[in-house]
>>> print(open('start_27.pdb').read())   # PDB, C-alpha atoms, pLDDT in the B column
MODEL        1
ATOM      1  CA  MET A1161      -5.990   1.554 -17.112  1.00 60.00           C
ATOM      2  CA  ALA A1162      -8.571  -1.209 -16.686  1.00 76.00           C
ATOM      3  CA  LYS A1163     -11.878  -0.518 -14.969  1.00 90.00           C
ATOM      4  CA  PRO A1164     -12.461  -2.042 -11.503  1.00 94.00           C
ATOM      5  CA  PHE A1165     -13.285  -5.715 -11.915  1.00 95.00           C
ATOM      6  CA  SER A1166     -16.700  -7.225 -11.175  1.00 95.00           C
ATOM      7  CA  THR A1167     -15.584 -10.866 -11.646  1.00 97.00           C
ATOM      8  CA  TRP A1168     -12.486 -12.669 -10.404  1.00 97.00           C
ATOM      9  CA  GLN A1169      -9.685 -12.039 -12.897  1.00 95.00           C
ATOM     10  CA  VAL A1170      -6.096 -13.184 -12.407  1.00 96.00           C
ATOM     11  CA  HIS A1171      -3.250 -11.526 -14.268  1.00 94.00           C
ATOM     12  CA  ASP A1172       0.490 -12.122 -14.321  1.00 93.00           C
ATOM     13  CA  ASN A1173       1.552 -12.215 -10.663  1.00 95.00           C
ATOM     14  CA  LYS A1174       4.543 -13.583  -8.817  1.00 95.00           C
ATOM     15  CA  PRO A1175       3.978 -16.062  -5.938  1.00 95.00           C
ATOM     16  CA  LEU A1176       3.346 -14.813  -2.413  1.00 97.00           C
ATOM     17  CA  GLU A1177       6.645 -13.887  -0.749  1.00 97.00           C
ATOM     18  CA  THR A1178       7.150 -14.360   2.998  1.00 97.00           C
ATOM     19  CA  LEU A1179       8.918 -11.368   4.555  1.00 98.00           C
ATOM     20  CA  GLU A1180       8.107 -12.027   8.228  1.00 97.00           C
ATOM     21  CA  PRO A1181       6.000 -14.592  10.106  1.00 97.00           C
ATOM     22  CA  ASN A1182       3.162 -12.040   9.986  1.00 98.00           C
ATOM     23  CA  LEU A1183       3.921 -10.282   6.676  1.00 98.00           C
ATOM     24  CA  TRP A1184       3.623 -11.329   3.026  1.00 98.00           C
ATOM     25  CA  ARG A1185       3.991  -9.540  -0.298  1.00 98.00           C
ATOM     26  CA  VAL A1186       3.070 -10.287  -3.908  1.00 98.00           C
ATOM     27  CA  GLU A1187       3.958  -8.291  -7.014  1.00 97.00           C
ATOM     28  CA  GLY A1188       2.028  -8.435 -10.268  1.00 95.00           C
ATOM     29  CA  GLU A1189       1.392  -6.588 -13.489  1.00 94.00           C
ATOM     30  CA  ILE A1190      -0.962  -3.616 -13.648  1.00 92.00           C
ATOM     31  CA  PRO A1191      -3.826  -4.716 -15.924  1.00 88.00           C
ATOM     32  CA  GLY A1192      -4.200  -2.390 -18.878  1.00 78.00           C
ATOM     33  CA  ALA A1193      -1.039  -0.411 -18.131  1.00 79.00           C
ATOM     34  CA  LYS A1194       2.719  -0.713 -17.973  1.00 80.00           C
ATOM     35  CA  GLY A1195       4.417  -1.469 -14.687  1.00 86.00           C
ATOM     36  CA  THR A1196       3.705  -3.533 -11.590  1.00 92.00           C
ATOM     37  CA  ARG A1197       1.689  -3.233  -8.413  1.00 96.00           C
ATOM     38  CA  VAL A1198       2.136  -4.783  -4.956  1.00 98.00           C
ATOM     39  CA  MET A1199      -0.266  -6.374  -2.484  1.00 98.00           C
ATOM     40  CA  THR A1200       0.843  -6.585   1.143  1.00 98.00           C
ATOM     41  CA  VAL A1201      -0.818  -8.929   3.634  1.00 98.00           C
ATOM     42  CA  ALA A1202      -0.252  -8.470   7.371  1.00 98.00           C
ATOM     43  CA  ARG A1203      -1.541 -10.674  10.179  1.00 98.00           C
ATOM     44  CA  ARG A1204      -2.859  -8.920  13.241  1.00 97.00           C
ATOM     45  CA  LYS A1205      -2.175 -10.113  16.762  1.00 95.00           C
ATOM     46  CA  ASP A1206      -5.699 -11.597  16.850  1.00 94.00           C
ATOM     47  CA  GLY A1207      -4.909 -13.717  13.767  1.00 96.00           C
ATOM     48  CA  GLY A1208      -6.996 -11.735  11.280  1.00 97.00           C
ATOM     49  CA  LEU A1209      -5.465 -10.601   7.997  1.00 98.00           C
ATOM     50  CA  VAL A1210      -5.191  -7.037   6.736  1.00 98.00           C
ATOM     51  CA  ILE A1211      -5.028  -7.010   2.928  1.00 98.00           C
ATOM     52  CA  HIS A1212      -3.459  -3.820   1.559  1.00 98.00           C
ATOM     53  CA  ASN A1213      -3.984  -3.068  -2.156  1.00 98.00           C
ATOM     54  CA  ALA A1214      -5.717  -6.321  -3.090  1.00 98.00           C
ATOM     55  CA  ILE A1215      -4.630  -8.394  -6.105  1.00 98.00           C
ATOM     56  CA  ALA A1216      -6.573 -11.439  -7.314  1.00 98.00           C
ATOM     57  CA  LEU A1217      -4.352 -14.538  -7.292  1.00 98.00           C
ATOM     58  CA  VAL A1218      -4.675 -18.058  -8.685  1.00 97.00           C
ATOM     59  CA  GLU A1219      -6.628 -20.413  -6.454  1.00 97.00           C
ATOM     60  CA  ASP A1220      -3.598 -22.190  -4.972  1.00 97.00           C
ATOM     61  CA  GLU A1221      -2.122 -18.860  -3.907  1.00 97.00           C
ATOM     62  CA  MET A1222      -5.445 -17.716  -2.479  1.00 98.00           C
ATOM     63  CA  LYS A1223      -5.561 -20.903  -0.404  1.00 97.00           C
ATOM     64  CA  ARG A1224      -2.054 -20.121   0.850  1.00 96.00           C
ATOM     65  CA  LEU A1225      -3.224 -16.650   1.823  1.00 97.00           C
ATOM     66  CA  GLU A1226      -6.231 -18.087   3.667  1.00 97.00           C
ATOM     67  CA  GLY A1227      -3.854 -20.454   5.451  1.00 96.00           C
ATOM     68  CA  PHE A1228      -2.126 -17.461   7.045  1.00 97.00           C
ATOM     69  CA  GLY A1229      -5.345 -16.339   8.724  1.00 97.00           C
ATOM     70  CA  GLU A1230      -8.889 -15.143   8.153  1.00 97.00           C
ATOM     71  CA  PRO A1231      -9.177 -12.087   5.864  1.00 98.00           C
ATOM     72  CA  ARG A1232     -10.691  -9.358   8.065  1.00 97.00           C
ATOM     73  CA  LEU A1233      -9.755  -5.929   6.676  1.00 98.00           C
ATOM     74  CA  LEU A1234      -9.430  -4.812   3.069  1.00 98.00           C
ATOM     75  CA  VAL A1235      -7.377  -1.632   2.732  1.00 98.00           C
ATOM     76  CA  VAL A1236      -7.994   0.343  -0.462  1.00 98.00           C
ATOM     77  CA  PRO A1237      -5.003   2.706  -0.169  1.00 98.00           C
ATOM     78  CA  ASN A1238      -6.271   5.550  -2.360  1.00 96.00           C
ATOM     79  CA  GLY A1239      -8.956   6.445  -4.875  1.00 94.00           C
ATOM     80  CA  PHE A1240      -7.034   4.966  -7.801  1.00 92.00           C
ATOM     81  CA  HIS A1241      -6.083   1.530  -6.400  1.00 94.00           C
ATOM     82  CA  ARG A1242      -9.570   0.031  -6.635  1.00 96.00           C
ATOM     83  CA  LEU A1243      -9.223  -2.617  -9.351  1.00 96.00           C
ATOM     84  CA  ASP A1244      -9.758  -5.737  -7.223  1.00 97.00           C
ATOM     85  CA  ALA A1245     -11.614  -4.234  -4.263  1.00 98.00           C
ATOM     86  CA  ARG A1246     -15.113  -5.320  -5.313  1.00 98.00           C
ATOM     87  CA  ILE A1247     -14.140  -8.898  -6.153  1.00 98.00           C
ATOM     88  CA  TYR A1248     -12.353  -9.361  -2.813  1.00 98.00           C
ATOM     89  CA  LYS A1249     -15.474  -8.189  -0.997  1.00 98.00           C
ATOM     90  CA  GLN A1250     -17.520 -10.630  -3.085  1.00 98.00           C
ATOM     91  CA  ARG A1251     -15.182 -13.493  -2.186  1.00 98.00           C
ATOM     92  CA  TYR A1252     -14.955 -12.529   1.501  1.00 98.00           C
ATOM     93  CA  PRO A1253     -18.236 -10.854   2.520  1.00 98.00           C
ATOM     94  CA  GLN A1254     -16.996 -10.568   6.107  1.00 97.00           C
ATOM     95  CA  LEU A1255     -14.239  -8.137   5.062  1.00 98.00           C
ATOM     96  CA  LYS A1256     -14.438  -4.638   6.483  1.00 98.00           C
ATOM     97  CA  VAL A1257     -13.338  -2.149   3.834  1.00 98.00           C
ATOM     98  CA  VAL A1258     -10.990   0.633   4.934  1.00 98.00           C
ATOM     99  CA  CYS A1259      -9.667   3.587   2.952  1.00 98.00           C
ATOM    100  CA  PRO A1260      -8.180   7.034   3.565  1.00 98.00           C
ATOM    101  CA  THR A1261     -10.929   9.468   4.500  1.00 97.00           C
ATOM    102  CA  GLY A1262     -10.146  11.783   1.595  1.00 97.00           C
ATOM    103  CA  ALA A1263     -10.460   8.905  -0.904  1.00 97.00           C
ATOM    104  CA  ARG A1264     -13.808   7.611   0.333  1.00 97.00           C
ATOM    105  CA  GLY A1265     -15.889   9.122  -2.458  1.00 97.00           C
ATOM    106  CA  ARG A1266     -13.879   7.474  -5.236  1.00 96.00           C
ATOM    107  CA  VAL A1267     -13.585   4.151  -3.412  1.00 97.00           C
ATOM    108  CA  GLU A1268     -17.329   3.998  -2.763  1.00 98.00           C
ATOM    109  CA  GLN A1269     -17.934   4.189  -6.510  1.00 97.00           C
ATOM    110  CA  VAL A1270     -16.683   0.577  -6.446  1.00 97.00           C
ATOM    111  CA  VAL A1271     -17.302  -0.874  -2.980  1.00 98.00           C
ATOM    112  CA  ALA A1272     -18.971   0.270   0.255  1.00 98.00           C
ATOM    113  CA  VAL A1273     -16.514   1.588   2.848  1.00 98.00           C
ATOM    114  CA  ASP A1274     -16.807   0.649   6.535  1.00 98.00           C
ATOM    115  CA  HIS A1275     -13.981   2.688   8.072  1.00 98.00           C
ATOM    116  CA  GLY A1276     -11.510   5.460   7.425  1.00 97.00           C
ATOM    117  CA  TYR A1277      -7.915   5.156   8.556  1.00 97.00           C
ATOM    118  CA  ASP A1278      -8.667   7.068  11.764  1.00 95.00           C
ATOM    119  CA  ASP A1279     -11.379   4.687  13.005  1.00 95.00           C
ATOM    120  CA  ALA A1280     -10.165   1.363  11.581  1.00 95.00           C
ATOM    121  CA  PRO A1281     -10.122  -1.455  14.164  1.00 91.00           C
ATOM    122  CA  ALA A1282      -6.979  -1.063  16.269  1.00 82.00           C
ATOM    123  CA  ASP A1283      -4.354  -3.757  16.820  1.00 93.00           C
ATOM    124  CA  ASP A1284      -0.930  -3.835  18.490  1.00 93.00           C
ATOM    125  CA  ASP A1285       0.793  -5.292  15.409  1.00 96.00           C
ATOM    126  CA  VAL A1286      -0.913  -3.524  12.491  1.00 97.00           C
ATOM    127  CA  ARG A1287      -2.120   0.055  12.359  1.00 96.00           C
ATOM    128  CA  LEU A1288      -3.086   2.642   9.753  1.00 98.00           C
ATOM    129  CA  ALA A1289      -2.542   6.401   9.686  1.00 97.00           C
ATOM    130  CA  HIS A1290      -2.977   9.270   7.237  1.00 98.00           C
ATOM    131  CA  PHE A1291       0.001  11.132   5.867  1.00 98.00           C
ATOM    132  CA  ASP A1292       0.014  14.736   7.023  1.00 98.00           C
ATOM    133  CA  GLY A1293      -0.175  17.178   4.160  1.00 98.00           C
ATOM    134  CA  THR A1294      -2.244  14.991   1.832  1.00 98.00           C
ATOM    135  CA  LYS A1295      -5.768  16.097   2.787  1.00 97.00           C
ATOM    136  CA  GLN A1296      -6.201  12.494   4.004  1.00 98.00           C
ATOM    137  CA  ARG A1297      -6.030  11.198   0.431  1.00 97.00           C
ATOM    138  CA  GLU A1298      -3.371   8.651   1.324  1.00 98.00           C
ATOM    139  CA  GLY A1299      -1.642   7.131   4.324  1.00 98.00           C
ATOM    140  CA  TRP A1300       0.593   4.336   5.529  1.00 98.00           C
ATOM    141  CA  MET A1301       0.356   0.999   7.297  1.00 98.00           C
ATOM    142  CA  GLN A1302       2.749   0.013  10.070  1.00 97.00           C
ATOM    143  CA  VAL A1303       3.414  -3.662  10.764  1.00 98.00           C
ATOM    144  CA  HIS A1304       5.272  -4.795  13.883  1.00 97.00           C
ATOM    145  CA  SER A1305       7.143  -8.107  13.571  1.00 97.00           C
ATOM    146  CA  PRO A1306       9.588  -9.644  16.054  1.00 94.00           C
ATOM    147  CA  GLY A1307      12.559  -7.259  16.152  1.00 91.00           C
ATOM    148  CA  ARG A1308      11.533  -5.245  13.097  1.00 95.00           C
ATOM    149  CA  THR A1309       8.931  -2.739  11.940  1.00 98.00           C
ATOM    150  CA  THR A1310       7.747  -2.406   8.356  1.00 98.00           C
ATOM    151  CA  VAL A1311       6.055   0.635   6.856  1.00 98.00           C
ATOM    152  CA  VAL A1312       3.781   0.046   3.848  1.00 98.00           C
ATOM    153  CA  VAL A1313       3.065   2.987   1.545  1.00 98.00           C
ATOM    154  CA  ASN A1314       1.196   3.387  -1.713  1.00 97.00           C
ATOM    155  CA  ASP A1315       1.620   6.054  -4.420  1.00 96.00           C
ATOM    156  CA  ALA A1316       3.265   8.684  -2.217  1.00 97.00           C
ATOM    157  CA  ILE A1317       6.648   6.927  -2.536  1.00 97.00           C
ATOM    158  CA  ASN A1318       7.947   4.788  -5.400  1.00 96.00           C
ATOM    159  CA  ASN A1319      11.160   2.777  -5.761  1.00 95.00           C
ATOM    160  CA  LEU A1320      11.264   2.168  -9.494  1.00 91.00           C
ATOM    161  CA  PRO A1321      14.120   1.480 -11.922  1.00 83.00           C
ATOM    162  CA  LYS A1322      15.112   4.245 -14.306  1.00 89.00           C
ATOM    163  CA  LEU A1323      12.261   4.926 -16.727  1.00 83.00           C
ATOM    164  CA  GLY A1324      12.006   7.038 -19.862  1.00 87.00           C
ATOM    165  CA  GLY A1325       9.139   8.346 -21.946  1.00 87.00           C
ATOM    166  CA  VAL A1326       5.814   9.521 -20.586  1.00 81.00           C
ATOM    167  CA  PHE A1327       5.900   7.227 -17.550  1.00 73.00           C
ATOM    168  CA  GLY A1328       9.432   8.319 -16.754  1.00 75.00           C
ATOM    169  CA  PHE A1329       8.237  11.928 -16.766  1.00 79.00           C
ATOM    170  CA  LEU A1330       5.111  11.332 -14.675  1.00 74.00           C
ATOM    171  CA  LEU A1331       6.889   9.174 -12.101  1.00 77.00           C
ATOM    172  CA  ALA A1332      10.168  11.111 -11.968  1.00 80.00           C
ATOM    173  CA  PRO A1333      12.585  10.913 -10.391  1.00 89.00           C
ATOM    174  CA  THR A1334      13.036   7.210 -11.138  1.00 88.00           C
ATOM    175  CA  GLY A1335      16.081   5.057 -10.495  1.00 90.00           C
ATOM    176  CA  ILE A1336      15.915   6.059  -6.816  1.00 93.00           C
ATOM    177  CA  ALA A1337      13.344   5.857  -4.035  1.00 95.00           C
ATOM    178  CA  SER A1338      11.394   9.087  -4.296  1.00 95.00           C
ATOM    179  CA  VAL A1339       8.121  10.969  -4.125  1.00 96.00           C
ATOM    180  CA  PRO A1340       7.013  10.834  -7.782  1.00 94.00           C
ATOM    181  CA  ARG A1341       5.955  13.913  -9.717  1.00 94.00           C
ATOM    182  CA  LEU A1342       2.428  12.520 -10.093  1.00 91.00           C
ATOM    183  CA  ALA A1343       2.060  12.192  -6.322  1.00 94.00           C
ATOM    184  CA  LYS A1344       3.141  15.809  -5.887  1.00 95.00           C
ATOM    185  CA  TRP A1345       0.349  16.818  -8.256  1.00 94.00           C
ATOM    186  CA  LEU A1346      -2.462  14.539  -7.054  1.00 94.00           C
ATOM    187  CA  ILE A1347      -1.747  13.597  -3.429  1.00 96.00           C
ATOM    188  CA  ILE A1348       0.470  16.090  -1.628  1.00 97.00           C
ATOM    189  CA  ALA A1349      -1.164  19.414  -0.780  1.00 97.00           C
ATOM    190  CA  ASP A1350       1.227  20.666   1.926  1.00 97.00           C
ATOM    191  CA  LYS A1351       4.831  19.735   1.218  1.00 97.00           C
ATOM    192  CA  PRO A1352       6.347  20.865   4.574  1.00 97.00           C
ATOM    193  CA  ALA A1353       3.711  18.913   6.537  1.00 98.00           C
ATOM    194  CA  PHE A1354       4.272  15.816   4.418  1.00 98.00           C
ATOM    195  CA  ARG A1355       8.053  16.097   4.756  1.00 98.00           C
ATOM    196  CA  ALA A1356       7.770  16.399   8.551  1.00 98.00           C
ATOM    197  CA  CYS A1357       5.494  13.343   8.607  1.00 98.00           C
ATOM    198  CA  LEU A1358       8.094  11.278   6.723  1.00 98.00           C
ATOM    199  CA  GLU A1359      10.760  12.389   9.172  1.00 98.00           C
ATOM    200  CA  ARG A1360       8.607  11.263  12.117  1.00 97.00           C
ATOM    201  CA  ILE A1361       8.018   7.885  10.490  1.00 98.00           C
ATOM    202  CA  ALA A1362      11.785   7.563   9.942  1.00 98.00           C
ATOM    203  CA  ALA A1363      12.201   7.878  13.721  1.00 96.00           C
ATOM    204  CA  GLU A1364       9.854   4.938  14.420  1.00 91.00           C
ATOM    205  CA  PRO A1365      11.609   2.378  16.669  1.00 88.00           C
ATOM    206  CA  GLU A1366      12.973  -0.681  14.827  1.00 95.00           C
ATOM    207  CA  LEU A1367      12.013   0.628  11.379  1.00 98.00           C
ATOM    208  CA  GLY A1368      13.723  -1.823   9.054  1.00 97.00           C
ATOM    209  CA  ARG A1369      11.726  -2.006   5.845  1.00 98.00           C
ATOM    210  CA  ILE A1370       9.542   0.091   3.541  1.00 98.00           C
ATOM    211  CA  ILE A1371       7.163  -1.623   1.121  1.00 98.00           C
ATOM    212  CA  VAL A1372       5.959   0.475  -1.807  1.00 97.00           C
ATOM    213  CA  SER A1373       3.077  -0.336  -4.154  1.00 94.00           C
ATOM    214  CA  HIS A1374       5.237   0.363  -7.218  1.00 95.00           C
ATOM    215  CA  GLY A1375       8.798  -0.878  -7.153  1.00 95.00           C
ATOM    216  CA  ALA A1376      11.261  -2.777  -5.006  1.00 96.00           C
ATOM    217  CA  VAL A1377      11.191  -3.182  -1.240  1.00 98.00           C
ATOM    218  CA  ILE A1378      13.494  -0.812   0.641  1.00 97.00           C
ATOM    219  CA  ASP A1379      15.106  -3.088   3.213  1.00 93.00           C
ATOM    220  CA  ARG A1380      18.527  -1.550   3.760  1.00 92.00           C
ATOM    221  CA  ASP A1381      18.968   1.580   5.880  1.00 96.00           C
ATOM    222  CA  ALA A1382      15.234   2.277   5.720  1.00 97.00           C
ATOM    223  CA  PRO A1383      15.270   5.228   8.187  1.00 98.00           C
ATOM    224  CA  ALA A1384      18.117   6.942   6.336  1.00 97.00           C
ATOM    225  CA  LYS A1385      16.447   6.318   2.989  1.00 97.00           C
ATOM    226  CA  LEU A1386      13.180   7.831   4.243  1.00 97.00           C
ATOM    227  CA  ARG A1387      15.041  10.904   5.479  1.00 97.00           C
ATOM    228  CA  GLU A1388      16.693  11.248   2.052  1.00 97.00           C
ATOM    229  CA  ILE A1389      13.271  11.079   0.381  1.00 97.00           C
ATOM    230  CA  ALA A1390      11.956  13.747   2.746  1.00 97.00           C
ATOM    231  CA  ALA A1391      14.988  16.005   2.207  1.00 96.00           C
ATOM    232  CA  ALA A1392      14.653  15.764  -1.578  1.00 95.00           C
ATOM    233  CA  LEU A1393      11.210  17.372  -1.346  1.00 91.00           C
ATOM    234  CA  GLY A1394      12.931  20.671  -0.648  1.00 75.00           C
TER
ENDMDL
END
>>> encode(input="start_27.pdb", output="structure tokens")
Amino acid sequence: MAKPFSTWQVHDNKPLETLEPNLWRVEGEIPGAKGTRVMTVARRKDGGLVIHNAIALVEDEMKRLEGFGEPRLLVVPNGFHRLDARIYKQRYPQLKVVCPTGARGRVEQVVAVDHGYDDAPADDDVRLAHFDGTKQREGWMQVHSPGRTTVVVNDAINNLPKLGGVFGFLLAPTGIASVPRLAKWLIIADKPAFRACLERIAAEPELGRIIVSHGAVIDRDAPAKLREIAAALG
């Protein structure tokens, strides 16, 4: 795994994808490792952008992003997803950096943190919350769009194709949307509390999509899929 970057570095990324008028996604390679990562950008009701799991893009794509709104919040979703945090803060000094409270120590090794998920600036369209049962090491972002709600998660849930080898073992079960083995080791401390939290999220009105940081978007039967993931925890 590459060290957090101190200068702007662009790797192999797909173009920004429009999911909703206030929601965009881009998928790119993980520098120094196999697999891909996802950045999600949500526009708040006040027009400011919330950038979740930042990825440096080519200049034309960055201009597109800036055309959506002013970058206001940078969400570093756990203590491991820090690669591009410093360079985003350098590019946009006005950004307020937000991370889960339990990840603050690791994130602040790279960039100063302004808020935890509990005290991040509130907005009707975009909000952040910790997952129960994770010692506040990770959480989720909820984005309200016209007629549909999207939940954005990080390492607690993957939706990867079938994998073998070491990565297949660490991220098992793959080939289905699931809580990976690695997340059970490093993130989840109280399985019943985490399972109950997923079930509550599944009951969110108009839930229609789940964006994960590793793998494909879950955009069919999202509530049922989230309940299946929760049930599989045992």
>>> atom_distance(input="start_27.pdb", atom1="atom CA of A:Thr1178", atom2="atom CA of A:Gly1192")
27.4 Å
>>> residues_near_point(input="start_27.pdb", point="(-15.1, -8.0, -2.6)", cutoff="10 Å", atoms="only C-alpha atoms", output="list in words")
Phe1165, Ser1166, Thr1167, Trp1168, Ala1214, Leu1234, Asp1244, Ala1245, Arg1246, Ile1247, Tyr1248, Lys1249, Gln1250, Arg1251, Tyr1252, Pro1253, Gln1254, Leu1255, Lys1256, Val1257, Val1270, Val1271 and Ala1272 of chain A
>>> closest_residue(input="start_27.pdb", among="A:Glu1221, A:Arg1266, A:Glu1388, A:Leu1209", to="A:Pro1175", atoms="all atoms listed in the file")
A:Glu1221
>>> atom_distance(input="start_27.pdb", atom1="atom CA of A:Arg1360", atom2="atom CA of A:Lys1205")
24.4 Å
>>> resolve_selection(input="start_27.pdb", expression="the PyMOL selection byres ((chain A and resi 1185) around 12)", output="MDAnalysis selection string")
chainID A and resid 1173:1184 1186:1188 1197:1203 1210:1215 1217 1221 1225 1310 1312 1370:1373 1376:1377
>>> atom_distance(input="start_27.pdb", atom1="atom CA of A:His1290", atom2="atom CA of A:Arg1369")
18.6 Å
>>> resolve_selection(input="start_27.pdb", expression="the PyMOL selection byres ((chain A and resi 1355) around 12)", output="VMD selection string")
chain A and resid 1291 to 1294 1316 to 1317 1338 to 1339 1344 1348 to 1354 1356 to 1362 1386 to 1394
>>> closest_residue(input="start_27.pdb", among="A:Ala1162, A:Leu1367, A:Ile1336, A:Ala1384", to="A:Val1303", atoms="only C-alpha atoms")
A:Leu1367
>>> closest_residue(input="start_27.pdb", among="A:Val1326, A:Val1258, A:Val1170, A:Val1236", to="A:Val1218", atoms="all atoms listed in the file")
A:Val1170
>>> closest_residue(input="start_27.pdb", among="A:Thr1196, A:Phe1240, A:Lys1295, A:Leu1346", to="A:Asn1319", atoms="all atoms listed in the file")
A:Thr1196
>>> resolve_selection(input="start_27.pdb", expression="the PyMOL selection byres ((chain A and resi 1276) around 8)", output="ChimeraX atom specification")
/A:1258-1261,1264,1273-1275,1277-1280
>>> axis_aligned_box(input="start_27.pdb", around="stretch 1336-1352 of chain A", padding_each_side="4 Å", output="AutoDock Vina command-line options")
--center_x 6.7 --center_y 13.4 --center_z -2.8 --size_x 26.4 --size_y 23.0 --size_z 22.7
>>> closest_residue(input="start_27.pdb", among="A:Gly1375, A:Gly1195, A:Val1267, A:Arg1224", to="A:Leu1320", atoms="all atoms listed in the file")
A:Gly1375
>>> closest_residue(input="start_27.pdb", among="A:Gly1335, A:Leu1323, A:Pro1340, A:Thr1309", to="A:Asp1379", atoms="all atoms listed in the file")
A:Thr1309
>>> decode(input="start_27.pdb", residues="stretch 1331-1350 of chain A", atoms="N, CA and C atoms", output="tab-separated table (two decimals), in the first residue's frame")
chain	number	residue	atom	x	y	z
A	1331	LEU	N	-10.82	-10.73	2.34
A	1331	LEU	CA	-12.04	-10.00	2.03
A	1331	LEU	C	-13.26	-10.91	1.91
A	1332	ALA	N	-13.11	-12.17	2.25
A	1332	ALA	CA	-14.21	-13.13	2.16
A	1332	ALA	C	-15.36	-12.73	3.09
A	1333	PRO	N	-16.59	-13.08	2.67
A	1333	PRO	CA	-16.93	-13.75	1.42
A	1333	PRO	C	-17.02	-12.76	0.25
A	1334	THR	N	-16.45	-13.12	-0.88
A	1334	THR	CA	-16.55	-12.31	-2.08
A	1334	THR	C	-17.52	-12.97	-3.07
A	1335	GLY	N	-17.87	-12.22	-4.10
A	1335	GLY	CA	-18.88	-12.70	-5.03
A	1335	GLY	C	-20.29	-12.32	-4.61
A	1336	ILE	N	-20.42	-11.76	-3.42
A	1336	ILE	CA	-21.70	-11.27	-2.89
A	1336	ILE	C	-21.42	-10.00	-2.08
A	1337	ALA	N	-22.44	-9.21	-1.86
A	1337	ALA	CA	-22.30	-8.07	-0.93
A	1337	ALA	C	-22.21	-8.63	0.48
A	1338	SER	N	-21.20	-8.18	1.23
A	1338	SER	CA	-20.96	-8.80	2.53
A	1338	SER	C	-20.13	-7.90	3.42
A	1339	VAL	N	-20.08	-8.27	4.69
A	1339	VAL	CA	-19.12	-7.69	5.63
A	1339	VAL	C	-17.86	-8.54	5.51
A	1340	PRO	N	-16.74	-7.98	5.02
A	1340	PRO	CA	-15.55	-8.79	4.80
A	1340	PRO	C	-14.88	-9.23	6.09
A	1341	ARG	N	-14.16	-10.33	6.00
A	1341	ARG	CA	-13.44	-10.87	7.16
A	1341	ARG	C	-12.55	-9.81	7.80
A	1342	LEU	N	-11.86	-9.02	6.98
A	1342	LEU	CA	-10.94	-8.01	7.51
A	1342	LEU	C	-11.68	-6.97	8.34
A	1343	ALA	N	-12.89	-6.61	7.91
A	1343	ALA	CA	-13.68	-5.65	8.68
A	1343	ALA	C	-14.11	-6.24	10.02
A	1344	LYS	N	-14.40	-7.53	10.04
A	1344	LYS	CA	-14.76	-8.18	11.30
A	1344	LYS	C	-13.59	-8.14	12.28
A	1345	TRP	N	-12.38	-8.22	11.76
A	1345	TRP	CA	-11.20	-8.19	12.62
A	1345	TRP	C	-10.85	-6.78	13.09
A	1346	LEU	N	-10.93	-5.79	12.17
A	1346	LEU	CA	-10.37	-4.47	12.44
A	1346	LEU	C	-11.39	-3.39	12.78
A	1347	ILE	N	-12.64	-3.59	12.42
A	1347	ILE	CA	-13.64	-2.52	12.56
A	1347	ILE	C	-14.75	-2.88	13.55
A	1348	ILE	N	-15.29	-4.08	13.43
A	1348	ILE	CA	-16.48	-4.43	14.20
A	1348	ILE	C	-16.08	-5.02	15.54
A	1349	ALA	N	-16.52	-4.39	16.61
A	1349	ALA	CA	-16.21	-4.84	17.97
A	1349	ALA	C	-17.40	-5.52	18.63
A	1350	ASP	N	-18.61	-5.16	18.21
A	1350	ASP	CA	-19.84	-5.69	18.81
A	1350	ASP	C	-20.76	-6.09	17.67
